[in-house]
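Novice: There's a structure below that I have some questions on.
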Amino acid sequence: MRPPGNDQNASVISIPVPTEAPVAFDTAAIDGESVFTVSAPWIEGGAIPSQYSCRGGDVAPVFTWAGSPESTASYALVFLDTTNTSGDGVGFVHYVAYNIDPTFTSLDTANTPVGAVVAPSDFSTPGHDVTVWRGPCPPLGQTHTYVIELHALDQTLDSLDGATAADVVTAIDAATIATTSVSAVDTGI
């Protein structure tokens, strides 16, 4: 190699330095196709920032994604407490939305997009459906693991009125062609 000239004062190679841990993902497509990923406002495996929890006002987060299969007919997004499981094995469902338009690449959980359905969560009681973001809220001194799952579905789902949160998740699972997720923890303080 020859030495740099007087007018060459910058490197020709630029290597970006990551500012946070990579988001977890399932490889829905391999061999030259894109990889299905979802991003959350927290780091994979890290702690969920308190503003998104019951201690910080349950601020509704925005989730973004990329790389879904071409055959995606709709999306569903599920937020689960996987530490708090019941007999159904699904986990405690904090938030679930389905029939999200396949052209979307993000979901603001405070504003349900036209056509999407937010199903009642496990916070619902008879006569009172809870269909808003409810963030982490583990008991004092306990650490729970939470997972955001984004599902690419091969169809839009028929109305699931009256279904439990676990039933909605089961219907989503049955129509899923690819899934990606981000997990994190929260400690009740």
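For the structure tokens, the naming scheme is as follows: chains receive sequential letters (A, B, ...) according to their order of presentation, residues are indexed from 1 within each chain, and ligands are indexed from 1 in presentation order.
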Which residues are near region 177-179 of chain A? Cut-off 12 Å, only C-alpha atoms, ignore same chain within fewer than 6 positions. Put them as an NGL selection string.
Specialist: :A and (24-29 or 35-38 or 65-78 or 147-155)
Novice: Quick one: residues within 8 Å of region 94-107 of chain A, only C-alpha atoms, excluding same-chain residues fewer than 5 positions away - as a count of residues only?
Specialist: 37
Novice: Find the distance between CA of Glu44 (chain A) and CA of Ser183 (chain A) and write it in Å to one decimal.
Specialist: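 These two atoms are separated by 5.6 Å.
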Novice: In Å, with one decimal, what is the gap from CA of Gln51 (chain A) to CA of Tyr146 (chain A)?
Specialist: 15.1 Å
Novice: Just list the residues in chain A DSSP gives helix (DSSP H, G or I) on the backbone, as a PyMOL selection string.
Specialist: chain A and resi 50-52+54-56+165-175
Novice: Using the selection just defined, write its residues with N, CA, C and O atoms as a PDB file, in the first residue's frame.
Specialist:
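Result file is selection-v3.pdb:
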ATOM      1  N   SER A  50     -39.023   1.363  34.185  1.00  0.00           N
ATOM      2  CA  SER A  50     -40.159   1.484  35.108  1.00  0.00           C
ATOM      3  C   SER A  50     -41.344   2.247  34.528  1.00  0.00           C
ATOM      4  O   SER A  50     -42.478   1.992  34.921  1.00  0.00           O
ATOM      5  N   GLN A  51     -41.123   3.163  33.581  1.00  0.00           N
ATOM      6  CA  GLN A  51     -42.265   3.921  33.050  1.00  0.00           C
ATOM      7  C   GLN A  51     -43.288   3.021  32.362  1.00  0.00           C
ATOM      8  O   GLN A  51     -44.451   3.378  32.237  1.00  0.00           O
ATOM      9  N   TYR A  52     -42.871   1.833  31.911  1.00  0.00           N
ATOM     10  CA  TYR A  52     -43.789   0.912  31.242  1.00  0.00           C
ATOM     11  C   TYR A  52     -44.468  -0.042  32.220  1.00  0.00           C
ATOM     12  O   TYR A  52     -45.232  -0.906  31.814  1.00  0.00           O
ATOM     13  N   CYS A  54     -46.425  -0.832  36.276  1.00  0.00           N
ATOM     14  CA  CYS A  54     -47.448  -0.247  37.148  1.00  0.00           C
ATOM     15  C   CYS A  54     -46.845   0.792  38.085  1.00  0.00           C
ATOM     16  O   CYS A  54     -47.543   1.690  38.550  1.00  0.00           O
ATOM     17  N   ARG A  55     -45.547   0.707  38.356  1.00  0.00           N
ATOM     18  CA  ARG A  55     -44.885   1.668  39.240  1.00  0.00           C
ATOM     19  C   ARG A  55     -44.583   2.988  38.542  1.00  0.00           C
ATOM     20  O   ARG A  55     -44.297   3.972  39.198  1.00  0.00           O
ATOM     21  N   GLY A  56     -44.620   2.998  37.222  1.00  0.00           N
ATOM     22  CA  GLY A  56     -44.245   4.204  36.493  1.00  0.00           C
ATOM     23  C   GLY A  56     -45.351   4.764  35.633  1.00  0.00           C
ATOM     24  O   GLY A  56     -45.098   5.530  34.707  1.00  0.00           O
ATOM     25  N   ALA A 165     -58.402 -14.415  27.198  1.00  0.00           N
ATOM     26  CA  ALA A 165     -57.104 -14.028  26.646  1.00  0.00           C
ATOM     27  C   ALA A 165     -56.336 -15.266  26.185  1.00  0.00           C
ATOM     28  O   ALA A 165     -55.731 -15.259  25.113  1.00  0.00           O
ATOM     29  N   ALA A 166     -56.380 -16.340  26.965  1.00  0.00           N
ATOM     30  CA  ALA A 166     -55.673 -17.574  26.580  1.00  0.00           C
ATOM     31  C   ALA A 166     -56.254 -18.162  25.297  1.00  0.00           C
ATOM     32  O   ALA A 166     -55.517 -18.660  24.450  1.00  0.00           O
ATOM     33  N   ASP A 167     -57.588 -18.084  25.135  1.00  0.00           N
ATOM     34  CA  ASP A 167     -58.219 -18.585  23.905  1.00  0.00           C
ATOM     35  C   ASP A 167     -57.776 -17.770  22.687  1.00  0.00           C
ATOM     36  O   ASP A 167     -57.556 -18.320  21.606  1.00  0.00           O
ATOM     37  N   VAL A 168     -57.650 -16.454  22.858  1.00  0.00           N
ATOM     38  CA  VAL A 168     -57.200 -15.585  21.765  1.00  0.00           C
ATOM     39  C   VAL A 168     -55.763 -15.945  21.389  1.00  0.00           C
ATOM     40  O   VAL A 168     -55.433 -16.078  20.206  1.00  0.00           O
ATOM     41  N   VAL A 169     -54.899 -16.146  22.391  1.00  0.00           N
ATOM     42  CA  VAL A 169     -53.509 -16.522  22.118  1.00  0.00           C
ATOM     43  C   VAL A 169     -53.459 -17.872  21.404  1.00  0.00           C
ATOM     44  O   VAL A 169     -52.681 -18.056  20.462  1.00  0.00           O
ATOM     45  N   THR A 170     -54.306 -18.803  21.790  1.00  0.00           N
ATOM     46  CA  THR A 170     -54.355 -20.110  21.121  1.00  0.00           C
ATOM     47  C   THR A 170     -54.764 -19.953  19.659  1.00  0.00           C
ATOM     48  O   THR A 170     -54.175 -20.588  18.770  1.00  0.00           O
ATOM     49  N   ALA A 171     -55.749 -19.097  19.380  1.00  0.00           N
ATOM     50  CA  ALA A 171     -56.174 -18.852  17.998  1.00  0.00           C
ATOM     51  C   ALA A 171     -55.054 -18.195  17.192  1.00  0.00           C
ATOM     52  O   ALA A 171     -54.833 -18.532  16.023  1.00  0.00           O
ATOM     53  N   ILE A 172     -54.337 -17.276  17.814  1.00  0.00           N
ATOM     54  CA  ILE A 172     -53.196 -16.634  17.158  1.00  0.00           C
ATOM     55  C   ILE A 172     -52.132 -17.671  16.828  1.00  0.00           C
ATOM     56  O   ILE A 172     -51.622 -17.725  15.703  1.00  0.00           O
ATOM     57  N   ASP A 173     -51.803 -18.517  17.802  1.00  0.00           N
ATOM     58  CA  ASP A 173     -50.793 -19.560  17.581  1.00  0.00           C
ATOM     59  C   ASP A 173     -51.168 -20.467  16.415  1.00  0.00           C
ATOM     60  O   ASP A 173     -50.310 -20.855  15.617  1.00  0.00           O
ATOM     61  N   ALA A 174     -52.455 -20.792  16.291  1.00  0.00           N
ATOM     62  CA  ALA A 174     -52.909 -21.702  15.228  1.00  0.00           C
ATOM     63  C   ALA A 174     -52.736 -21.097  13.836  1.00  0.00           C
ATOM     64  O   ALA A 174     -52.570 -21.831  12.864  1.00  0.00           O
ATOM     65  N   ALA A 175     -52.766 -19.772  13.726  1.00  0.00           N
ATOM     66  CA  ALA A 175     -52.657 -19.108  12.420  1.00  0.00           C
ATOM     67  C   ALA A 175     -51.264 -18.542  12.154  1.00  0.00           C
ATOM     68  O   ALA A 175     -51.027 -17.921  11.124  1.00  0.00           O
TER      69      ALA A 175
END
Novice: Could you please determine the separation between CA of Gly46 (chain A) and CA of Asp58 (chain A) in Å, to one decimal place?
Specialist: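 That distance, rounded to one decimal, is 18.0 Å.
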Novice: Using only C-alpha atoms for the distances, tell me which of A:Thr125, A:Ser34, A:Thr187, A:Thr82 is nearest to Ser53 (chain A).
Specialist: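 Closest residue, counting only C-alpha atoms: A:Thr187.
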